[in-house]
Amino acid sequence: MAKKLYADGMTGKVAIYDPANPNAFTDPRNNLGSVYFHSDLDYVGVAAIIDVSVNHPFRAKGGSNARHAYLTPNPASGAVNSLTHNLGYVPHALVFVGNDMLPANSQIQHVGSSFRTVAIEVTTTQVRVFETAWVYQHDLPAITKNYKIVLFTQKLGSSGNQTLRIEPSQFIASRGKLNTAYNYLRRSLTSPMFWFSKGKTADVANGSFKIVTANGSTITRSPYNGSFTGVPGIGVEL
Amino acid sequence: MSFYASNDRIYITNSSGKVIFDTNKPMPHIIQTVSATVSVTFPEIPVSIKRGMTNMGPSMMCARDEYQCKNEYVCNWDPMLGQYVCGYEWVCNWVAVPYDRYLVWDVFDYKALEWEKTHEIATIENGLEADFLLVKAVATRTLQGELADIGGLPCGLPLGQTFVANNTSIIECMSDIRDGSPWMTRIMSVFVEGGKVKVQFKHSNRAFESVSAWDYMECSWIGFPPVAPGMPPPPKGKSAFTFDLNIVIGKFTK
């Protein structure tokens, strides 16, 4: 299919679209099926990707509780790793444990009645791996987990007055909205770096839960008895 | 940097030769951003007290003095006759009688409960179908529920701080301390359905008897109190949270 690159010097708009549908240039949101790029759209850029291996420490089981015949839980909670990003804003992010986009506060380890969960906290300067360990009858041995934390840009604004600028080191269109200095994401059918999802990633039933991640990985904790199948995600690459 | 344009494809590479943009690969873009505050009060779990008891048998610990009378064959010396005279006579005495002693224990007996509540928080503009969401949230716990065996319910979210919600967040989860299997789980899901952005809270617990037991010994003749001494009121697990959500709604180009 033919694709048309059009730059309007008056408005600064730049688009690549199907020339069979000229409305794609003037009204891209309602003609997305004909749009390949349009400077009116707010593209998602990646500000940083943090790949980190985190050592979660040994956690000792609770102490005796003779009266009720079990060990009193020994909770521990707090950041076990802090990583600096210095973006100056609290970014949107996606978190992958290994390749799996697990729900926030997912269990990353369970031994007998004891378990450890992780949530990712973001600030204007840092990403923190926030661990909570609920240690009942069994010790939790130290464990290492690999995390991929994708931090996104704020809305990419436009600045300056250049509608189209092409030079050996850089391509800028629509006052900087399309800029080879940014890391744009693209759909990847064959070798995604990670996944986007619009659906639920977990369900509960019969007291327990089932996780179905955007890439299709499944974690079912017995005695879950629901019928959740998840929503397939969309793989992307940089 | 290179710019390639042919009749059916345009793509751009950066100075490293890495493809930055390619019309053959749809690009995600933001179609809407939504901020919302949603609150949830998770339900109380129906609970009663279940009693068990074992008869330990008659025990002097449960003896009570009883005035007992019976015919006894007795022989008394009759000074008039100068001999013993024997016969039955009605004799009454205070006697310590051992009664059955019971080991009694009370536990909390939770009934199974499935509960959910869904909020619509935004209509996606222009009738577009979203392809993905990015969700960050701040959780505030306004009421911490308690359950037997654990006390205050654990919430592993960094309360008061912004966290990455990854669409679904597990808010509270509790294990059966006998075998580790979850018996109560609560989640929040942010998702797209029918052109709307929705937030759903779900609670699930299966029937569960607490490991915690309040036991005591009691004598059968005394009777049993309705609740074991020292047993607290049943904790029902009612927690409440408020979530400040910031949601990016995204879509891919063609």
# chains A, B, ... in the order shown; residues from 1 in each chain; ligands from 1
$ residues_around --residues "Lys254 in chain B" --least-positions-apart "4" --cutoff "10 Å" --atoms "only C-alpha atoms" --output "list in words"
Tyr17, Asn31, Leu32, Gly33, Ser34, Val35, Tyr36, Phe37 and Arg187 of chain A; Thr23, Asn24, Lys25, Pro26, Met27 and Pro28 of chain B
$ interface_residues --of "chain A" --to "chain B" --cutoff "7 Å" --atoms "only C-alpha atoms" --output "ChimeraX atom specification"
/A:1-3,32-36,41-44,68,73,92-95,101-106,112-114,117,119-123,130,132,136,168-170,180,183-187,196-202,204-209,222
$ write_last_selection --atoms "C-alpha atoms" --output "PDB file, in the first residue's frame"
ATOM      1  CA  MET A   1       0.000   0.000   0.000  1.00  0.00           C
ATOM      2  CA  ALA A   2       1.279   3.456  -0.895  1.00  0.00           C
ATOM      3  CA  LYS A   3       2.347   5.686   1.966  1.00  0.00           C
ATOM      4  CA  LEU A  32      -6.295   5.762  12.671  1.00  0.00           C
ATOM      5  CA  GLY A  33      -6.655   2.923  10.221  1.00  0.00           C
ATOM      6  CA  SER A  34      -4.964   5.070   7.601  1.00  0.00           C
ATOM      7  CA  VAL A  35      -2.302   6.642   9.807  1.00  0.00           C
ATOM      8  CA  TYR A  36       1.276   5.422  10.052  1.00  0.00           C
ATOM      9  CA  LEU A  41      -0.580  11.768  18.190  1.00  0.00           C
ATOM     10  CA  ASP A  42       1.216  11.430  21.497  1.00  0.00           C
ATOM     11  CA  TYR A  43       3.678   8.667  21.002  1.00  0.00           C
ATOM     12  CA  VAL A  44       4.960   6.543  23.825  1.00  0.00           C
ATOM     13  CA  HIS A  68      -2.416 -21.096  69.445  1.00  0.00           C
ATOM     14  CA  PRO A  73       4.200 -14.310  61.593  1.00  0.00           C
ATOM     15  CA  HIS A  92       4.635   5.547  34.160  1.00  0.00           C
ATOM     16  CA  ALA A  93       6.264   2.181  34.018  1.00  0.00           C
ATOM     17  CA  LEU A  94       5.829  -1.492  33.376  1.00  0.00           C
ATOM     18  CA  VAL A  95       7.513  -4.101  35.499  1.00  0.00           C
ATOM     19  CA  MET A 101       4.361  -8.656  33.752  1.00  0.00           C
ATOM     20  CA  LEU A 102       3.199  -9.790  37.171  1.00  0.00           C
ATOM     21  CA  PRO A 103       0.578  -7.912  39.147  1.00  0.00           C
ATOM     22  CA  ALA A 104       1.852  -5.483  41.713  1.00  0.00           C
ATOM     23  CA  ASN A 105       2.476  -7.196  45.034  1.00  0.00           C
ATOM     24  CA  SER A 106       2.762 -10.634  43.444  1.00  0.00           C
ATOM     25  CA  GLY A 112       5.141 -23.718  52.956  1.00  0.00           C
ATOM     26  CA  SER A 113       3.079 -21.090  54.654  1.00  0.00           C
ATOM     27  CA  SER A 114       5.612 -18.273  54.178  1.00  0.00           C
ATOM     28  CA  THR A 117       5.812 -10.310  47.522  1.00  0.00           C
ATOM     29  CA  ALA A 119       5.817  -4.151  44.253  1.00  0.00           C
ATOM     30  CA  ILE A 120       7.726  -1.498  42.372  1.00  0.00           C
ATOM     31  CA  GLU A 121       7.665   2.012  43.738  1.00  0.00           C
ATOM     32  CA  VAL A 122       8.571   5.007  41.572  1.00  0.00           C
ATOM     33  CA  THR A 123       9.608   8.501  42.586  1.00  0.00           C
ATOM     34  CA  PHE A 130       9.582  -2.908  47.620  1.00  0.00           C
ATOM     35  CA  THR A 132       7.107  -7.648  51.842  1.00  0.00           C
ATOM     36  CA  TYR A 136       5.070 -17.967  59.167  1.00  0.00           C
ATOM     37  CA  PRO A 168      23.203  13.163   8.679  1.00  0.00           C
ATOM     38  CA  SER A 169      22.969  12.788  12.441  1.00  0.00           C
ATOM     39  CA  GLN A 170      19.340  13.508  13.140  1.00  0.00           C
ATOM     40  CA  THR A 180      15.610  10.154  16.169  1.00  0.00           C
ATOM     41  CA  ASN A 183      13.242   5.790  21.773  1.00  0.00           C
ATOM     42  CA  TYR A 184       9.915   5.023  20.120  1.00  0.00           C
ATOM     43  CA  LEU A 185       8.223   1.737  20.582  1.00  0.00           C
ATOM     44  CA  ARG A 186       6.930  -0.387  17.759  1.00  0.00           C
ATOM     45  CA  ARG A 187       4.822  -3.452  17.582  1.00  0.00           C
ATOM     46  CA  PHE A 196       1.490  -4.113  26.655  1.00  0.00           C
ATOM     47  CA  SER A 197      -1.866  -5.158  28.048  1.00  0.00           C
ATOM     48  CA  LYS A 198      -5.316  -3.653  28.296  1.00  0.00           C
ATOM     49  CA  GLY A 199      -6.813  -6.356  30.459  1.00  0.00           C
ATOM     50  CA  LYS A 200      -6.764  -7.875  33.871  1.00  0.00           C
ATOM     51  CA  THR A 201      -3.666  -9.842  34.663  1.00  0.00           C
ATOM     52  CA  ALA A 202      -5.017 -11.803  37.624  1.00  0.00           C
ATOM     53  CA  VAL A 204      -9.292 -14.622  42.425  1.00  0.00           C
ATOM     54  CA  ALA A 205     -11.596 -17.518  43.268  1.00  0.00           C
ATOM     55  CA  ASN A 206     -11.947 -20.004  46.083  1.00  0.00           C
ATOM     56  CA  GLY A 207      -9.633 -17.877  48.179  1.00  0.00           C
ATOM     57  CA  SER A 208      -6.689 -18.160  45.840  1.00  0.00           C
ATOM     58  CA  PHE A 209      -5.515 -16.521  42.638  1.00  0.00           C
ATOM     59  CA  SER A 222      -4.178 -24.028  44.335  1.00  0.00           C
TER      60      SER A 222
END
$ closest_residue --among "B:Val227, B:Val85, B:Met61, B:Leu245" --to "Ile49 in chain B" --atoms "only C-alpha atoms"
B:Val227
$ select_by_dssp --residues "range 7-218 of chain A" --states "strand (DSSP E)" --output "PyMOL selection string"
chain A and resi 7+14-17+35-38+42-43+46-56+64-65+70-71+74-84+93-97+106-111+114-122+126-135+143-152+164-167+170-173+178-179+186-187+194-196+202-205+208-212+218
$ atom_distance --atom1 "CA of Asn71 in chain B" --atom2 "CA of Trp221 in chain B"
26.0 Å
$ atom_distance --atom1 "CA of Ser39 in chain A" --atom2 "CA of Tyr89 in chain A"
23.4 Å
$ atom_distance --atom1 "CA of Phe171 in chain A" --atom2 "CA of Ala7 in chain A"
13.3 Å
$ residues_around --residues "Asp65 in chain B" --least-positions-apart "5" --cutoff "7 Å" --atoms "only C-alpha atoms" --output "NGL selection string"
:B and (94-97)
$ write_last_selection --atoms "C-alpha atoms" --output "PDB file, in the first residue's frame"
ATOM      1  CA  TRP B  94     -21.301 -36.633 101.884  1.00  0.00           C
ATOM      2  CA  VAL B  95     -19.351 -38.262  99.063  1.00  0.00           C
ATOM      3  CA  ALA B  96     -16.904 -36.764  96.507  1.00  0.00           C
ATOM      4  CA  VAL B  97     -18.203 -37.958  93.121  1.00  0.00           C
TER       5      VAL B  97
END
$ residues_around --residues "Lys13 in chain A" --least-positions-apart "4" --cutoff "9 Å" --atoms "only C-alpha atoms" --output "VMD selection string"
chain A and resid 6 to 9 25 38 to 40 163 173 to 175
$ write_last_selection --atoms "C-alpha atoms" --output "PDB file, in the first residue's frame"
ATOM      1  CA  TYR A   6       3.320  15.067   4.116  1.00  0.00           C
ATOM      2  CA  ALA A   7       4.681  18.057   6.035  1.00  0.00           C
ATOM      3  CA  ASP A   8       2.656  21.212   6.414  1.00  0.00           C
ATOM      4  CA  GLY A   9       4.980  24.140   6.960  1.00  0.00           C
ATOM      5  CA  PHE A  25      -3.988  14.012   7.765  1.00  0.00           C
ATOM      6  CA  HIS A  38       0.984  11.765  12.721  1.00  0.00           C
ATOM      7  CA  SER A  39       2.475  14.524  14.778  1.00  0.00           C
ATOM      8  CA  ASP A  40      -0.872  15.145  16.474  1.00  0.00           C
ATOM      9  CA  THR A 163       8.523  21.200  10.425  1.00  0.00           C
ATOM     10  CA  ALA A 173       9.739  16.323  12.159  1.00  0.00           C
ATOM     11  CA  SER A 174       6.896  18.448  13.413  1.00  0.00           C
ATOM     12  CA  ARG A 175       8.934  20.577  15.779  1.00  0.00           C
TER      13      ARG A 175
END
$ residues_around --residues "Ala142 in chain A" --least-positions-apart "4" --cutoff "9 Å" --atoms "only C-alpha atoms" --output "JSON, numbers by chain"
{"A": [55, 56, 57, 58, 59]}
$ write_last_selection --atoms "C-alpha atoms" --output "PDB file, in the first residue's frame"
ATOM      1  CA  ASN A  55      19.067 -10.400  45.889  1.00  0.00           C
ATOM      2  CA  HIS A  56      16.216 -10.820  48.302  1.00  0.00           C
ATOM      3  CA  PRO A  57      17.662 -11.702  51.706  1.00  0.00           C
ATOM      4  CA  PHE A  58      16.991 -14.662  53.952  1.00  0.00           C
ATOM      5  CA  ARG A  59      13.991 -14.131  56.197  1.00  0.00           C
TER       6      ARG A  59
END
$ select_by_dssp --residues "range 4-176 of chain A" --states "alpha helix (DSSP H)" --output "JSON list (two decimals) with C-alpha atoms, in the first residue's frame"
[["chain", "number", "residue", "atom", "x", "y", "z"],
["A", 23, "ASN", "CA", -8.82, 12.76, 6.20],
["A", 24, "ALA", "CA", -6.04, 10.84, 7.90],
["A", 25, "PHE", "CA", -3.99, 14.01, 7.77],
["A", 26, "THR", "CA", -6.64, 16.42, 9.00]]
